[in-house]
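protein.txt follows (compact mmCIF, C-alpha atoms (C1' of nucleotides)):
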```txt
# COMPACT_ATOMS: atom_id res chain seq x y z
CA MET K 192 -20.80 10.71 -20.04
CA VAL K 193 -18.37 12.13 -17.57
CA ILE K 194 -18.41 11.63 -13.83
CA ARG K 195 -17.19 14.50 -11.69
CA THR K 196 -14.69 13.79 -9.00
CA GLU K 197 -15.84 16.72 -6.88
CA LYS K 198 -19.31 15.19 -6.80
CA LEU K 199 -17.80 11.92 -5.77
CA TYR K 200 -16.18 13.78 -2.88
CA ASP K 201 -19.42 15.46 -1.82
CA LEU K 202 -21.34 12.20 -2.03
CA LEU K 203 -18.86 10.15 -0.07
CA LEU K 204 -18.33 12.81 2.60
CA ASP K 205 -22.07 13.14 3.02
CA HIS K 206 -22.53 9.38 3.23
CA PHE K 207 -19.56 8.33 5.36
CA GLY K 208 -18.43 11.51 7.14
CA HIS K 209 -14.82 12.38 7.96
CA GLN K 210 -12.50 9.42 8.21
CA HIS K 211 -9.86 10.92 10.54
CA TRP K 212 -6.86 9.33 8.96
CA TRP K 213 -3.46 10.67 9.83
CA PRO K 214 -3.55 13.86 11.92
CA VAL K 215 -4.48 16.94 9.96
CA ASP K 216 -2.90 19.20 12.56
CA HIS K 217 0.85 18.87 12.70
CA THR K 218 1.28 20.95 15.84
CA TYR K 219 4.45 19.50 17.22
CA HIS K 220 5.28 20.13 20.86
CA LYS K 221 8.64 19.18 22.24
CA THR K 222 6.85 17.45 25.05
CA GLN K 223 5.80 14.94 22.45
CA GLU K 224 8.05 11.95 22.07
CA SER K 225 7.92 11.70 18.28
CA ASP K 226 7.35 13.97 15.30
CA PRO K 227 3.94 13.15 13.83
CA ARG K 228 5.36 13.62 10.34
CA PHE K 229 7.86 10.86 10.95
CA GLU K 230 5.17 8.67 12.43
CA ILE K 231 3.25 9.09 9.16
CA ILE K 232 6.33 8.16 7.14
CA VAL K 233 6.82 5.01 9.21
CA GLY K 234 3.11 4.19 9.00
CA ALA K 235 3.13 4.61 5.22
CA ILE K 236 5.83 1.96 4.92
CA LEU K 237 4.40 -0.40 7.52
CA THR K 238 0.95 -0.38 5.94
CA GLN K 239 2.12 -1.66 2.56
CA ASN K 240 -0.29 -4.51 1.77
CA THR K 241 -1.08 -4.75 5.47
CA ALA K 242 -4.17 -4.12 7.60
CA TRP K 243 -3.96 -0.85 9.53
CA SER K 244 -4.87 -2.59 12.80
CA ASN K 245 -1.58 -4.50 12.56
CA VAL K 246 0.33 -1.32 11.78
CA GLU K 247 -1.04 0.32 14.93
CA LYS K 248 0.41 -2.46 17.05
CA ALA K 249 3.83 -1.91 15.52
CA LEU K 250 3.61 1.88 15.95
CA ASP K 251 2.57 1.49 19.59
CA SER K 252 5.43 -0.87 20.16
CA LEU K 253 7.90 1.62 18.67
CA LYS K 254 6.45 4.42 20.79
CA GLN K 255 6.60 2.43 24.00
CA HIS K 256 10.27 1.80 23.40
CA ARG K 257 10.78 5.48 22.52
CA ALA K 258 12.07 4.26 19.19
CA LEU K 259 9.85 6.26 16.84
CA THR K 260 12.49 8.79 15.83
CA ILE K 261 14.77 9.09 12.83
CA GLU K 262 17.91 8.83 14.93
CA SER K 263 16.66 5.84 16.87
CA ILE K 264 15.64 3.78 13.85
CA ALA K 265 18.77 4.73 11.93
CA SER K 266 21.01 3.46 14.70
CA MET K 267 18.98 0.50 15.94
CA LYS K 268 20.18 -3.04 15.38
CA PRO K 269 18.13 -4.63 12.57
CA GLN K 270 17.02 -7.54 14.73
CA VAL K 271 15.71 -5.22 17.44
CA LEU K 272 13.73 -3.23 14.89
CA LYS K 273 12.31 -6.42 13.37
CA ASN K 274 11.08 -7.50 16.79
CA LEU K 275 9.41 -4.15 17.45
CA ILE K 276 7.53 -4.04 14.14
CA GLN K 277 6.83 -7.77 14.01
CA PRO K 278 2.99 -7.52 14.17
CA SER K 279 2.86 -5.48 10.98
CA GLY K 280 4.14 -8.40 8.89
CA PHE K 281 6.84 -8.45 6.20
CA PHE K 282 9.13 -7.31 9.01
CA ASN K 283 12.39 -8.27 7.32
CA GLN K 284 11.77 -6.04 4.30
CA LYS K 285 10.09 -3.32 6.30
CA ALA K 286 12.88 -3.08 8.87
CA HIS K 287 15.32 -2.61 6.02
CA ARG K 288 13.11 0.00 4.37
CA LEU K 289 12.68 1.94 7.60
CA LYS K 290 16.41 1.98 8.20
CA THR K 291 17.03 3.07 4.60
CA ILE K 292 14.80 6.16 4.77
CA SER K 293 15.83 7.02 8.34
CA SER K 294 19.53 6.89 7.48
CA TYR K 295 18.80 8.96 4.40
CA LEU K 296 16.94 11.66 6.34
CA LEU K 297 19.64 11.71 8.99
CA GLY K 298 22.59 11.72 6.62
CA GLU K 299 21.26 14.12 3.98
CA TYR K 300 18.96 16.37 6.02
CA GLN K 301 20.24 16.10 9.60
CA ALA K 302 16.90 14.52 10.53
CA ASN K 303 15.24 17.86 9.76
CA LEU K 304 11.90 17.05 8.13
CA SER K 305 11.01 20.71 7.61
CA LEU K 306 14.17 21.07 5.57
CA PHE K 307 13.45 17.86 3.70
CA PHE K 308 9.93 18.93 2.73
CA SER K 309 10.79 22.59 2.09
CA ARG K 310 12.01 21.93 -1.44
CA ASP K 311 10.29 21.55 -4.77
CA MET K 312 7.59 18.88 -4.61
CA ALA K 313 8.70 17.01 -7.73
CA THR K 314 12.26 16.91 -6.44
CA VAL K 315 11.21 15.43 -3.11
CA ARG K 316 9.07 12.86 -4.90
CA THR K 317 11.93 11.77 -7.14
CA GLU K 318 14.21 11.40 -4.12
CA LEU K 319 11.66 9.29 -2.28
CA LEU K 320 11.14 7.04 -5.29
CA GLY K 321 14.88 6.42 -5.40
CA LEU K 322 14.86 4.83 -1.94
CA ASN K 323 14.38 1.10 -1.51
CA GLY K 324 10.80 0.25 -0.62
CA ILE K 325 9.27 3.57 -1.65
CA GLY K 326 7.01 3.25 -4.69
CA PRO K 327 4.51 5.75 -6.11
CA GLU K 328 1.80 5.22 -3.53
CA THR K 329 4.07 5.32 -0.51
CA ALA K 330 5.89 8.38 -1.87
CA ASP K 331 2.65 10.23 -2.51
CA SER K 332 1.19 9.26 0.88
CA ILE K 333 4.28 10.73 2.53
CA LEU K 334 4.10 13.89 0.41
CA LEU K 335 0.39 14.43 1.08
CA TYR K 336 -0.10 13.33 4.69
CA ALA K 337 3.32 14.14 6.17
CA GLY K 338 4.47 16.97 3.90
CA ASP K 339 1.10 18.60 3.21
CA LYS K 340 1.88 18.63 -0.50
CA PRO K 341 -1.05 18.72 -2.97
CA VAL K 342 -0.60 15.22 -4.42
CA PHE K 343 -3.49 12.81 -4.87
CA VAL K 344 -2.76 9.24 -3.79
CA ILE K 345 -3.75 6.36 -6.07
CA ASP K 346 -4.06 2.90 -4.57
CA ALA K 347 -5.58 -0.46 -5.43
CA TYR K 348 -8.98 0.72 -4.20
CA THR K 349 -8.94 3.85 -6.32
CA ARG K 350 -8.16 1.73 -9.35
CA ARG K 351 -10.96 -0.70 -8.55
CA ILE K 352 -13.46 2.10 -8.11
CA SER K 353 -12.24 3.87 -11.21
CA ARG K 354 -12.67 0.73 -13.24
CA ARG K 355 -16.38 0.79 -12.43
CA LEU K 356 -16.98 4.48 -12.83
CA PRO K 357 -17.03 6.04 -16.28
CA PHE K 358 -13.82 7.99 -15.89
CA PRO K 359 -12.36 9.02 -19.25
CA VAL K 360 -8.94 7.55 -18.46
CA SER K 361 -7.29 4.16 -18.41
CA TRP K 362 -7.64 2.96 -14.84
CA ASP K 363 -4.46 0.93 -14.80
CA SER K 364 -2.05 3.83 -15.25
CA TYR K 365 -1.00 5.39 -11.94
CA ASP K 366 0.11 8.68 -13.45
CA GLU K 367 -2.87 9.06 -15.74
CA LEU K 368 -5.38 8.36 -12.98
CA GLN K 369 -3.58 10.74 -10.64
CA GLN K 370 -3.54 13.51 -13.24
CA PHE K 371 -7.24 13.02 -13.83
CA PHE K 372 -8.14 13.38 -10.15
CA GLU K 373 -5.84 16.33 -9.64
CA HIS K 374 -6.93 18.23 -12.73
CA THR K 375 -10.63 17.81 -12.08
CA LEU K 376 -10.39 18.70 -8.40
CA GLN K 377 -8.20 21.72 -9.12
CA LYS K 378 -11.00 23.17 -11.21
CA LYS K 379 -13.40 23.21 -8.28
CA TYR K 380 -11.25 23.90 -5.23
CA PRO K 381 -8.88 26.80 -4.61
CA ALA K 382 -5.23 25.85 -4.31
CA ASN K 383 -5.14 26.32 -0.54
CA HIS K 384 -7.98 23.82 -0.03
CA LEU K 385 -6.59 21.01 -2.15
CA VAL K 386 -4.50 19.32 0.53
CA PRO K 387 -7.38 18.64 2.95
CA VAL K 388 -9.63 17.60 0.05
CA TYR K 389 -7.02 15.18 -1.29
CA LYS K 390 -6.48 13.72 2.17
CA GLU K 391 -10.15 13.20 2.85
CA LEU K 392 -11.14 11.93 -0.59
CA HIS K 393 -8.46 9.27 -0.63
CA ALA K 394 -9.58 8.04 2.80
CA LEU K 395 -13.22 8.10 1.68
CA ILE K 396 -12.47 6.04 -1.42
CA VAL K 397 -10.80 3.43 0.78
CA LYS K 398 -13.88 3.44 3.00
CA LEU K 399 -16.20 3.02 0.03
CA ALA K 400 -14.16 0.19 -1.42
CA LYS K 401 -14.10 -1.65 1.89
CA THR K 402 -17.78 -1.28 2.68
CA SER K 403 -19.49 -1.55 -0.69
CA CYS K 404 -17.43 -2.16 -3.75
CA ARG K 405 -15.48 -4.97 -2.15
CA THR K 406 -18.41 -7.22 -1.54
CA VAL K 407 -20.52 -6.70 -4.63
CA PRO K 408 -19.55 -8.05 -8.01
CA SER K 409 -20.79 -5.05 -9.92
CA CYS K 410 -22.31 -1.61 -9.48
CA ASP K 411 -25.74 -3.10 -10.09
CA ASN K 412 -26.03 -4.28 -6.49
CA CYS K 413 -24.10 -1.48 -4.84
CA PRO K 414 -26.02 0.31 -2.06
CA LEU K 415 -24.63 3.58 -3.36
CA ARG K 416 -25.86 2.95 -6.86
CA ARG K 417 -28.61 5.57 -6.79
CA SER K 418 -26.30 8.15 -5.33
CA CYS K 419 -23.66 7.28 -7.84
CA GLN K 420 -26.05 8.00 -10.66
CA LYS K 421 -26.46 11.55 -9.39
CA MET K 422 -22.84 12.09 -10.26
CA LEU K 423 -23.34 11.29 -13.91
C1' DA A 1118 -9.40 -23.68 6.29
C1' DC A 1119 -9.52 -19.88 3.45
C1' DC A 1120 -9.20 -14.61 2.06
C1' DC A 1121 -7.61 -10.19 2.62
C1' DA A 1122 -5.01 -5.87 4.08
C1' DG A 1123 -3.96 2.04 3.03
C1' DG A 1124 2.70 -2.21 -2.10
C1' DC A 1125 7.14 -3.02 -3.68
C1' DG A 1126 11.24 -5.28 -5.80
C1' DC A 1127 12.76 -8.57 -8.58
C1' DA A 1128 12.63 -12.35 -12.00
C1' DT A 1129 10.74 -13.83 -16.17
C1' DG A 1130 8.83 -13.92 -21.22
C1' DC E 1363 6.52 -3.47 -21.18
C1' DA E 1364 3.69 -6.47 -18.40
C1' DT E 1365 2.59 -10.03 -15.56
C1' DG E 1366 3.86 -13.27 -11.51
C1' DC E 1367 5.67 -14.17 -7.14
C1' DG E 1368 7.49 -13.73 -2.36
C1' DC E 1369 7.17 -11.21 1.61
C1' DA E 1370 4.26 -12.40 7.21
C1' DT E 1371 0.94 -11.06 10.44
C1' DG E 1372 -3.80 -10.93 12.57
C1' DG E 1373 -8.87 -10.60 11.91
C1' DG E 1374 -13.12 -12.01 9.55
```

What does the file become when written as structure tokens?
Amino acid sequence: MVIRTEKLYDLLLDHFGHQHWWPVDHTYHKTQESDPRFEIIVGAILTQNTAWSNVEKALDSLKQHRALTIESIASMKPQVLKNLIQPSGFFNQKAHRLKTISSYLLGEYQANLSLFFSRDMATVRTELLGLNGIGPETADSILLYAGDKPVFVIDAYTRRISRRLPFPVSWDSYDELQQFFEHTLQKKYPANHLVPVYKELHALIVKLAKTSCRTVPSCDNCPLRRSCQKML
DNA sequence: ACCCAGGCGCATG
DNA sequence: CATGCGCATGGG
């Protein structure tokens, strides 16, 4: 019995609709104060084990102080940065992490994100993982949502869902679960469609976990149970 | 008063 | 290798 990830995508999209997570369109006008790609990078760090509503407050605060740029965060005094991101919690660690990646992007890539992302995907991922505060999920979120790289993001929700669905993989291995999603989705979608599919499916899984799978102890009582069985 | 949120680093056994 | 714990805030 094998469940198909592309059916999971169809089902969830049909049931919940688009989730509008981070902007799909990276049109960047100079009239804009901050590069949306950098905003996504900052958001990816601020949202670590933190409700998105709190992250928005911190992002707004950074924007209002015109501080949402690589150069600004790299040069800002730590205490000032901590105050600006305070509502997102864990501000001591997060301020340090934001300064680490900002200084890195400034020092190694002259704050040029196009240059940073232009290289081999695996290379960029390895570099990100080497920075303090960037683990697999944060690195992959940055690659997918900011860099438009075809990488599927695994998070606690995806593991929880995967534990309940009959996926032929061990749900506790990040790499194995990621390979499973990527391989199965690659079979259905052409390469140039993978990025939007990966973005939307990850957001939809989060939505599913929050609305249904979080509150019920097992699939037996899940409101999506009948739909889920269509995927088998 | 609890529990949780779009994790990660570090310390233990 | 694999758990466990601290990190901090705001909303339900």

* Structure fact -> Between atom C1' of A:DC1127 and atom CA of K:Gln270 lies a distance of 23.7 Å

Chain A residues near chain K within 10 Å, closest pair each, using only C-alpha atoms (C1' of nucleotides), as a tab-separated table:
```
residue	atom	partner	partner_atom	distance
A:DC1121	C1'	K:Ala242	CA	8.6
A:DA1122	C1'	K:Ala242	CA	4.0
A:DG1123	C1'	K:Thr238	CA	6.2
A:DG1124	C1'	K:Gln239	CA	4.7
A:DC1125	C1'	K:Gly324	CA	5.8
A:DG1126	C1'	K:Gly324	CA	7.6
```

* To do: Select all residues from chain E having any atom no more than 7 Å from an atom of chain K (counting all atoms listed in the file, ignoring ligands), output as a list in words.
  =>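 Here is what falls inside 7 Å: DC1369, DA1370, DT1371 and DG1372 of chain E.
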
* To do: Could you check how far atom CA of K:Gly208 sits from atom CA of K:Glu391, in Å to one decimal?
  =>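 Between these atoms lies a distance of 9.5 Å.
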
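With atom CA of K:Ile264 on one side and atom CA of K:Met312 on the other, the separation reads 25.2 Å.
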
* Can you tell me, as number ranges by chain, what residues are no more than 12 Å from E:DT1365 when counting only C-alpha atoms (C1' of nucleotides), ignoring any on the same chain fewer than 6 positions away? -> A: 1128-1130

* Would you mind listing what lies within 8 Å of K:Thr260 as a ChimeraX atom specification, with only C-alpha atoms (C1' of nucleotides) counted and same-chain residues fewer than 6 positions away left out? => /K:225-226,229

* To do: Name all residues at most 9 Å from K:Trp362 (count all atoms listed in the file; drop same-chain ones fewer than 6 positions away) and give them as a VMD selection string.
  => chain K and resid 349 to 354 368
